[in-house]
file structure06.txt (compact mmCIF, C-alpha atoms and all ligand atoms)
# COMPACT_ATOMS: atom_id res chain seq x y z
CA MET A 19 26.77 34.04 12.07
CA ALA A 20 25.52 34.01 15.65
CA LEU A 21 22.96 36.68 16.14
CA THR A 22 22.48 38.57 19.37
CA VAL A 23 18.94 39.78 19.55
CA GLY A 24 18.61 42.90 21.69
CA LEU A 25 14.94 43.05 22.54
CA ARG A 26 13.24 45.97 24.18
CA PRO A 27 11.73 45.10 27.59
CA LEU A 28 8.06 44.98 26.54
CA THR A 29 8.80 43.01 23.42
CA ARG A 30 11.14 40.72 25.34
CA ALA A 31 8.42 39.93 27.88
CA LEU A 32 5.92 39.26 25.14
CA LEU A 33 7.93 37.34 22.69
CA ARG A 34 9.22 34.50 24.77
CA PRO A 35 7.50 31.44 23.39
CA TRP A 36 4.13 31.33 25.05
CA ALA A 37 5.18 33.99 27.56
CA ARG A 38 2.55 35.22 29.93
CA VAL A 39 1.97 38.94 29.69
CA PRO A 40 2.92 40.71 32.92
CA GLY A 41 0.15 41.93 35.20
CA ALA A 42 0.22 45.52 33.99
CA ALA A 43 -1.27 44.57 30.65
CA LEU A 44 -4.19 46.22 28.97
CA GLY A 45 -7.16 44.16 30.15
CA ARG A 46 -9.78 46.20 31.91
CA PRO A 47 -13.51 46.11 32.44
CA ALA A 48 -15.40 47.71 29.57
CA ALA A 49 -16.28 51.33 30.31
CA GLY A 50 -19.51 51.55 32.23
CA SER A 51 -20.00 47.82 32.50
CA GLY A 52 -20.47 46.60 35.96
CA ASP A 53 -21.24 43.17 34.62
CA GLY A 54 -17.78 41.71 34.39
CA VAL A 55 -17.68 41.97 30.58
CA ARG A 56 -14.09 42.52 29.64
CA CYS A 57 -12.65 44.68 26.92
CA PHE A 58 -9.00 44.54 25.90
CA GLY A 59 -8.59 47.68 23.90
CA SER A 60 -5.30 49.23 22.85
CA PRO A 61 -4.65 52.15 20.52
CA ARG A 62 -4.43 50.03 17.40
CA VAL A 63 -6.46 46.98 18.35
CA LEU A 64 -10.11 47.34 19.30
CA VAL A 65 -11.43 44.32 21.11
CA GLU A 66 -15.05 44.11 22.15
CA PRO A 67 -17.36 41.30 23.16
CA ASP A 68 -19.76 40.63 20.29
CA PRO A 69 -23.08 41.94 21.63
CA ALA A 70 -24.95 39.33 19.59
CA ALA A 71 -22.91 36.25 20.41
CA VAL A 72 -21.99 35.02 23.87
CA GLY A 73 -18.32 34.12 24.31
CA VAL A 74 -17.23 35.80 21.08
CA ALA A 75 -14.88 38.78 20.83
CA VAL A 76 -14.51 40.98 17.78
CA MET A 77 -10.96 42.22 17.24
CA LYS A 78 -10.71 45.18 14.87
CA MET A 79 -7.33 46.16 13.52
CA ARG A 80 -6.90 49.93 13.40
CA ASN A 81 -3.43 50.90 12.27
CA PRO A 82 -4.17 53.42 9.52
CA PRO A 83 -3.71 53.92 6.70
CA VAL A 84 -3.23 50.27 5.71
CA ASN A 85 -2.92 48.11 8.87
CA SER A 86 0.69 47.35 8.02
CA LEU A 87 2.12 45.04 10.65
CA SER A 88 4.67 47.28 12.34
CA LEU A 89 6.52 46.06 15.43
CA GLU A 90 4.30 48.17 17.69
CA PHE A 91 1.13 46.94 16.01
CA LEU A 92 2.28 43.31 16.20
CA THR A 93 3.03 43.80 19.89
CA GLU A 94 -0.44 45.19 20.54
CA LEU A 95 -2.05 42.35 18.61
CA LEU A 96 -0.05 39.86 20.65
CA ILE A 97 -1.07 41.44 23.95
CA SER A 98 -4.74 41.43 22.97
CA LEU A 99 -4.64 37.84 21.77
CA GLU A 100 -2.88 36.71 24.91
CA LYS A 101 -5.47 38.43 27.08
CA LEU A 102 -8.34 36.87 25.14
CA GLU A 103 -6.74 33.45 25.25
CA ASN A 104 -6.44 33.72 29.04
CA ASP A 105 -9.95 35.02 29.60
CA LYS A 106 -12.24 32.05 30.01
CA THR A 107 -15.26 34.17 29.01
CA PHE A 108 -14.18 33.92 25.39
CA ARG A 109 -14.29 30.88 23.14
CA GLY A 110 -13.93 32.59 19.78
CA ILE A 111 -12.55 35.69 18.06
CA ILE A 112 -13.57 37.36 14.84
CA ILE A 113 -10.62 39.24 13.37
CA THR A 114 -11.50 42.11 11.07
CA SER A 115 -10.31 45.56 10.04
CA ASP A 116 -11.32 49.05 11.00
CA CYS A 117 -9.47 50.54 7.97
CA PRO A 118 -11.87 50.89 5.04
CA GLY A 119 -10.97 48.68 2.10
CA ILE A 120 -7.86 47.22 3.72
CA PHE A 121 -7.69 44.10 5.85
CA SER A 122 -3.92 44.35 6.21
CA ALA A 123 -1.18 45.46 3.80
CA GLY A 124 1.02 42.81 5.38
CA LEU A 125 4.36 43.26 7.02
CA ASP A 126 5.51 46.81 7.46
CA LEU A 127 8.13 47.34 4.79
CA LEU A 128 9.66 50.15 6.82
CA GLU A 129 10.56 47.61 9.53
CA MET A 130 12.68 45.78 6.95
CA TYR A 131 14.08 48.61 4.85
CA GLY A 132 17.18 50.50 6.00
CA ARG A 133 17.14 48.88 9.45
CA ASP A 134 20.03 47.36 11.36
CA PRO A 135 20.27 43.57 11.87
CA ALA A 136 19.22 43.71 15.54
CA HIS A 137 16.03 45.54 14.63
CA CYS A 138 15.26 43.14 11.79
CA ALA A 139 15.80 40.20 14.16
CA GLU A 140 13.49 41.68 16.77
CA TYR A 141 10.89 42.38 14.13
CA TRP A 142 11.02 38.89 12.65
CA LYS A 143 10.68 37.32 16.07
CA ALA A 144 7.48 39.30 16.58
CA VAL A 145 6.18 38.17 13.17
CA GLN A 146 6.88 34.54 14.08
CA GLU A 147 5.19 35.00 17.44
CA LEU A 148 2.02 36.48 15.99
CA TRP A 149 1.74 33.65 13.51
CA LEU A 150 2.23 30.98 16.18
CA ARG A 151 -0.25 32.64 18.46
CA VAL A 152 -3.00 32.89 15.87
CA TYR A 153 -2.28 29.58 14.16
CA LEU A 154 -2.27 27.56 17.38
CA SER A 155 -4.90 29.53 19.26
CA ASN A 156 -7.22 27.49 21.43
CA LEU A 157 -9.99 29.89 20.48
CA VAL A 158 -12.00 29.57 17.31
CA VAL A 159 -10.54 32.25 15.04
CA ILE A 160 -12.65 33.49 12.14
CA GLY A 161 -11.30 36.03 9.64
CA ALA A 162 -13.89 38.56 8.50
CA ILE A 163 -11.80 39.88 5.64
CA ASN A 164 -13.18 43.25 4.67
CA GLY A 165 -10.38 44.53 2.48
CA ILE A 166 -7.28 43.73 0.46
CA SER A 167 -5.01 41.23 2.13
CA PRO A 168 -1.58 40.76 0.53
CA ALA A 169 1.43 38.82 1.88
CA GLY A 170 1.55 39.07 5.69
CA GLY A 171 -2.14 40.07 5.63
CA CYS A 172 -2.85 36.87 3.76
CA LEU A 173 -0.77 34.85 6.25
CA LEU A 174 -2.84 36.29 9.08
CA SER A 175 -6.02 35.29 7.22
CA LEU A 176 -4.69 31.82 6.44
CA SER A 177 -3.94 31.29 10.13
CA CYS A 178 -7.62 31.68 11.04
CA ASP A 179 -9.82 28.60 11.24
CA TYR A 180 -12.21 29.98 8.64
CA ARG A 181 -12.13 32.91 6.22
CA VAL A 182 -15.06 34.99 5.02
CA LEU A 183 -14.11 37.49 2.30
CA ALA A 184 -16.15 40.50 1.21
CA ASN A 185 -17.12 40.33 -2.44
CA ASN A 186 -15.35 43.37 -3.82
CA PRO A 187 -13.00 42.92 -6.78
CA LYS A 188 -10.46 45.21 -5.08
CA TYR A 189 -10.16 42.87 -2.10
CA ALA A 190 -7.47 40.59 -3.44
CA ILE A 191 -5.71 38.09 -1.24
CA GLY A 192 -2.50 36.13 -1.71
CA LEU A 193 1.18 35.73 -0.97
CA ASN A 194 2.61 38.25 -3.45
CA GLU A 195 6.15 38.39 -2.03
CA THR A 196 7.85 37.58 -5.34
CA LEU A 197 6.34 40.73 -6.87
CA LEU A 198 8.38 42.69 -4.34
CA GLY A 199 11.54 40.75 -5.19
CA ILE A 200 11.44 38.90 -1.87
CA ILE A 201 10.35 35.38 -0.98
CA ALA A 202 7.75 33.91 1.30
CA PRO A 203 9.51 32.00 4.10
CA PHE A 204 8.94 28.26 4.41
CA TRP A 205 6.24 28.57 7.06
CA PHE A 206 4.19 31.02 4.94
CA LYS A 207 4.55 28.49 2.12
CA ASP A 208 3.57 25.56 4.36
CA VAL A 209 0.36 27.27 5.46
CA LEU A 210 -0.57 28.04 1.86
CA VAL A 211 0.17 24.49 0.73
CA ASN A 212 -1.95 23.16 3.62
CA THR A 213 -4.80 25.39 2.50
CA ILE A 214 -4.87 25.18 -1.30
CA GLY A 215 -2.68 22.17 -2.09
CA HIS A 216 0.78 21.80 -3.53
CA ARG A 217 0.26 22.57 -7.19
CA ALA A 218 -1.94 25.62 -6.70
CA ALA A 219 0.47 26.95 -4.06
CA GLU A 220 3.45 26.38 -6.33
CA ARG A 221 1.93 28.59 -9.02
CA ALA A 222 0.50 31.16 -6.66
CA LEU A 223 3.77 31.62 -4.78
CA GLN A 224 6.05 31.83 -7.79
CA LEU A 225 3.77 34.19 -9.69
CA GLY A 226 2.85 36.22 -6.59
CA PHE A 227 -0.87 35.81 -7.29
CA LEU A 228 -3.26 38.18 -5.59
CA PHE A 229 -6.60 36.42 -6.03
CA PRO A 230 -9.76 38.52 -6.44
CA PRO A 231 -12.69 37.10 -4.42
CA SER A 232 -14.15 34.74 -7.05
CA ASP A 233 -10.72 33.21 -7.77
CA ALA A 234 -9.89 33.15 -4.07
CA LEU A 235 -12.99 31.06 -3.42
CA GLN A 236 -12.34 28.79 -6.37
CA VAL A 237 -8.76 28.01 -5.30
CA GLY A 238 -9.82 27.66 -1.65
CA ILE A 239 -7.70 30.40 -0.14
CA VAL A 240 -10.94 31.65 1.45
CA ASP A 241 -13.92 29.57 2.55
CA GLN A 242 -16.76 31.91 1.68
CA VAL A 243 -17.32 35.10 -0.32
CA VAL A 244 -20.31 37.20 0.66
CA PRO A 245 -21.61 40.73 0.00
CA GLU A 246 -19.62 43.29 1.92
CA ASP A 247 -22.47 44.15 4.30
CA GLN A 248 -22.85 40.49 5.26
CA VAL A 249 -19.26 39.73 6.24
CA GLN A 250 -19.78 40.22 9.98
CA SER A 251 -23.10 38.41 10.16
CA THR A 252 -21.71 35.50 8.16
CA ALA A 253 -18.65 35.32 10.39
CA ARG A 254 -20.97 35.23 13.38
CA SER A 255 -23.08 32.38 11.92
CA VAL A 256 -19.97 30.40 11.08
CA MET A 257 -18.70 31.01 14.61
CA ALA A 258 -21.91 29.57 16.06
CA GLN A 259 -21.37 26.40 14.03
CA TRP A 260 -17.78 26.04 15.30
CA LEU A 261 -18.76 26.81 18.88
CA ALA A 262 -21.35 24.04 18.80
CA ILE A 263 -18.45 21.59 18.99
CA PRO A 264 -17.14 20.84 22.51
CA ASP A 265 -14.01 22.95 23.04
CA HIS A 266 -11.73 20.15 24.20
CA ALA A 267 -12.47 17.96 21.18
CA ARG A 268 -12.11 20.83 18.72
CA GLN A 269 -8.92 22.15 20.34
CA LEU A 270 -7.21 18.76 20.44
CA THR A 271 -8.17 18.16 16.82
CA LYS A 272 -6.89 21.58 15.77
CA ASN A 273 -3.64 20.91 17.53
CA LEU A 274 -3.33 17.51 15.89
CA VAL A 275 -3.75 19.04 12.46
CA ARG A 276 -1.67 22.20 12.93
CA LYS A 277 1.12 21.23 15.32
CA PRO A 278 3.39 19.56 12.75
CA THR A 279 3.39 22.75 10.67
CA ALA A 280 4.04 24.97 13.70
CA ASP A 281 6.72 22.59 14.98
CA ARG A 282 8.73 23.03 11.79
CA LEU A 283 9.20 26.66 12.76
CA LEU A 284 9.43 26.08 16.52
CA GLN A 285 12.32 23.68 15.95
CA GLN A 286 14.33 26.30 14.06
CA ARG A 287 13.15 29.72 15.16
CA ASP A 288 16.60 31.17 15.71
CA ALA A 289 17.89 29.84 12.40
CA ASP A 290 14.82 31.27 10.69
CA ILE A 291 15.54 34.68 12.25
CA GLN A 292 19.15 34.53 11.12
CA ASN A 293 18.10 33.54 7.60
CA PHE A 294 15.66 36.41 7.48
CA VAL A 295 18.22 38.94 8.69
CA ARG A 296 20.86 37.74 6.24
CA PHE A 297 18.36 37.75 3.38
CA ILE A 298 16.78 41.11 4.09
CA SER A 299 20.17 42.78 4.66
CA ARG A 300 21.42 41.90 1.19
CA ASP A 301 22.03 44.97 -0.98
CA SER A 302 19.98 43.46 -3.80
CA ILE A 303 16.99 42.90 -1.49
CA GLN A 304 17.24 46.36 0.03
CA LYS A 305 17.27 47.76 -3.53
CA SER A 306 14.14 45.75 -4.42
CA LEU A 307 12.37 47.08 -1.32
CA HIS A 308 13.45 50.61 -2.22
CA VAL A 309 12.06 50.26 -5.75
CA TYR A 310 8.80 48.82 -4.40
CA LEU A 311 8.38 51.59 -1.82
CA GLU A 312 9.03 54.20 -4.51
CA LYS A 313 6.38 52.55 -6.71
CA LEU A 314 3.89 52.79 -3.86
CA LYS A 315 4.70 56.51 -3.50
CA GLN A 316 4.51 57.21 -7.24
CA LYS A 317 1.14 55.48 -7.48
CA LYS A 318 -0.22 58.49 -5.64
CA GLY A 319 0.95 60.70 -8.52
C1 LIG B 1 16.92 32.06 1.81
C2 LIG B 1 16.51 32.71 3.08
C3 LIG B 1 15.05 32.82 3.21
C4 LIG B 1 14.66 33.80 4.27
C5 LIG B 1 13.26 34.26 4.07
C6 LIG B 1 13.10 35.73 4.29
C7 LIG B 1 12.06 36.28 3.38
C8 LIG B 1 11.56 37.65 3.74
C9 LIG B 1 10.09 37.61 3.74
C10 LIG B 1 9.47 38.91 4.02
C11 LIG B 1 8.00 38.76 3.96
C12 LIG B 1 7.22 39.77 3.75
C13 LIG B 1 5.77 39.64 3.69
C14 LIG B 1 5.04 40.97 3.54
O1 LIG B 1 3.98 41.12 4.08
S1 LIG B 1 5.76 42.20 2.62
C15 LIG B 1 4.50 43.44 2.43
C16 LIG B 1 3.65 43.14 1.24
N1 LIG B 1 2.61 44.15 1.10
C17 LIG B 1 2.27 44.66 -0.07
O2 LIG B 1 2.78 44.32 -1.10
C18 LIG B 1 1.21 45.72 -0.02
C19 LIG B 1 1.77 47.05 -0.39
N2 LIG B 1 0.72 48.08 -0.34
C20 LIG B 1 -0.19 48.24 -1.31
O3 LIG B 1 -0.25 47.54 -2.29
C21 LIG B 1 -1.16 49.35 -1.11
O4 LIG B 1 -0.66 50.23 -0.13
C22 LIG B 1 -2.55 48.89 -0.66
C23 LIG B 1 -2.51 47.96 0.55
C24 LIG B 1 -3.25 48.19 -1.85
C25 LIG B 1 -3.41 50.12 -0.28
O5 LIG B 1 -3.44 51.03 -1.34
P1 LIG B 1 -3.89 52.53 -1.08
O6 LIG B 1 -3.89 53.21 -2.41
O7 LIG B 1 -5.14 52.56 -0.28
O8 LIG B 1 -2.78 53.14 -0.10
P2 LIG B 1 -1.29 53.56 -0.49
O9 LIG B 1 -0.68 52.61 -1.41
O10 LIG B 1 -1.29 55.00 -0.90
O11 LIG B 1 -0.57 53.40 0.91
C26 LIG B 1 -0.76 54.36 1.96
C27 LIG B 1 0.56 54.49 2.70
O12 LIG B 1 0.88 53.25 3.29
C28 LIG B 1 2.18 52.83 2.87
N3 LIG B 1 2.22 51.37 2.81
C29 LIG B 1 1.45 50.56 2.09
N4 LIG B 1 1.73 49.28 2.31
C30 LIG B 1 2.75 49.27 3.21
C31 LIG B 1 3.49 48.22 3.83
N5 LIG B 1 3.26 46.93 3.62
N6 LIG B 1 4.45 48.60 4.70
C32 LIG B 1 4.70 49.90 4.96
N7 LIG B 1 4.01 50.94 4.39
C33 LIG B 1 3.06 50.61 3.52
C34 LIG B 1 2.34 53.46 1.51
O13 LIG B 1 3.69 53.55 1.15
C35 LIG B 1 1.71 54.83 1.75
O14 LIG B 1 2.65 55.60 2.49
P3 LIG B 1 2.77 57.18 2.29
O15 LIG B 1 1.40 57.71 2.64
O16 LIG B 1 3.83 57.59 3.24
O17 LIG B 1 3.14 57.40 0.86
call {"tool": "encode", "arguments": {"input": "structure06.txt", "output": "structure tokens"}}
result
Amino acid sequence: MALTVGLRPLTRALLRPWARVPGAALGRPAAGSGDGVRCFGSPRVLVEPDPAAVGVAVMKMRNPPVNSLSLEFLTELLISLEKLENDKTFRGIIITSDCPGIFSAGLDLLEMYGRDPAHCAEYWKAVQELWLRVYLSNLVVIGAINGISPAGGCLLSLSCDYRVLANNPKYAIGLNETLLGIIAPFWFKDVLVNTIGHRAAERALQLGFLFPPSDALQVGIVDQVVPEDQVQSTARSVMAQWLAIPDHARQLTKNLVRKPTADRLLQQRDADIQNFVRFISRDSIQKSLHVYLEKLKQKKG
């Protein structure tokens, strides 16, 4: 089935592979700063230079209640990342959440449930683009994971160069797609295998494990677990260590390590979109999503 993807103008501009964001984007000098410090805020993505670390930006996700990755939110994240990538003042980003207790609930189920194929295709393209942008970023990307991080939230974390998780038993992390009756696509799987190894990934993916912090550290899905009030300071210390390496050497090495994984998707992006649309449009999958969404509602009582 050939798929015609009707993209809206903003998304179309953004989602071309490695597109440059048009001039009217969101970058602007920080309020009241005459010093050239830049701030790339948007309604759902707060980006500020770290006052305690030169060349580091802190990106806070603020899409309440659960930072689900809706199309609009993905688009704002992409714009902010693109702006940071192009601003030579920055060498590193710390990605964290502004929603208490939640890093990200992952992909927005409402973008995949009851939607037409063109919408699903547009959505999946944005998901692919965010992953590629974070995974291959020239910047040092540190995840300061201050909340639960299932599925797409876990993928975002796994795409960082280093993950610091807050030590709270509620802050589980993992690719739990099978629990929803869906499957993690091959590139989610590849990133997990690269991180925790084949056997551990095989079990985790099939059983939809959401690892609490101690298990997450043991299996290697995160690099460090620290008390909740030390997540930011730890991320900052780790950033200093990564920034001590000359950029060109670190960037080339990162590319060497990550490009083969990214290339697997880049070589078949359209096919991956078509697979996603076919899969998600199945009646059985839509029913599974319906059941899962109802469970989330009922949980509230
Ligand atoms: C062969 C072909 C192969 C092709 C491959 C295609 C494969 C398709 C792959 C698709 C991949 C998907 C990856 C994903 O990311 S799926 C999303 C997975 N996310 C989850 O499972 C998390 C679900 N949410 C929760 O568990 C909880 O909400 C929470 C994060 C633990 C927070 O709990 P809390 O009690 O604080 O909050 P509520 O549960 O009350 O939620 C508040 C409202 O938010 C809504 N919500 C929650 N999560 C999502 C979500 N991911 N998307 C959309 N909406 C979400 C929830 O329903 C509440 O809404 P309400 O207030 O209106 O009731």
call {"tool": "residues_around", "arguments": {"input": "structure06.txt", "residues": "stretch 294-307 of chain A", "least_positions_apart": "3", "cutoff": "9 Å", "atoms": "only C-alpha atoms", "output": "compact mmCIF listing (two decimals) with C-alpha atoms, in the frame of the given file"}}
result
# COMPACT_ATOMS: atom_id res chain seq x y z
CA LEU A 127 8.13 47.34 4.79
CA MET A 130 12.68 45.78 6.95
CA TYR A 131 14.08 48.61 4.85
CA GLY A 132 17.18 50.50 6.00
CA ARG A 133 17.14 48.88 9.45
CA ASP A 134 20.03 47.36 11.36
CA PRO A 135 20.27 43.57 11.87
CA ALA A 136 19.22 43.71 15.54
CA CYS A 138 15.26 43.14 11.79
CA ALA A 139 15.80 40.20 14.16
CA TRP A 142 11.02 38.89 12.65
CA LEU A 198 8.38 42.69 -4.34
CA GLY A 199 11.54 40.75 -5.19
CA ILE A 200 11.44 38.90 -1.87
CA PRO A 203 9.51 32.00 4.10
CA ALA A 289 17.89 29.84 12.40
CA ASP A 290 14.82 31.27 10.69
CA ILE A 291 15.54 34.68 12.25
CA TYR A 310 8.80 48.82 -4.40
CA LEU A 311 8.38 51.59 -1.82
CA GLU A 312 9.03 54.20 -4.51
call {"tool": "residues_around", "arguments": {"input": "structure06.txt", "residues": "A:Pro230", "least_positions_apart": "6", "cutoff": "12 Å", "atoms": "all atoms listed in the file", "output": "NGL selection string"}}
result
:A and (165-168 or 183-192 or 236-240 or 243)
call {"tool": "residues_around", "arguments": {"input": "structure06.txt", "residues": "A:Asp208", "least_positions_apart": "2", "cutoff": "12 Å", "atoms": "all atoms listed in the file", "output": "list of chain:residue names"}}
result
A:Leu173, A:Leu176, A:Ser177, A:Leu193, A:Ala202, A:Pro203, A:Phe204, A:Trp205, A:Phe206, A:Leu210, A:Val211, A:Asn212, A:Thr213, A:Ile214, A:Gly215, A:His216, A:Ala219, A:Glu220, A:Leu223, A:Arg276, A:Pro278, A:Thr279, A:Ala280, A:Asp281, A:Arg282, A:Leu283
call {"tool": "atom_distance", "arguments": {"input": "structure06.txt", "atom1": "atom C11 of ligand LIG 1 (chain B)", "atom2": "atom CA of A:Ala162"}}
result
22.4 Å
call {"tool": "atom_distance", "arguments": {"input": "structure06.txt", "atom1": "atom CA of A:Pro83", "atom2": "atom CA of A:Asp126"}}
result
11.7 Å
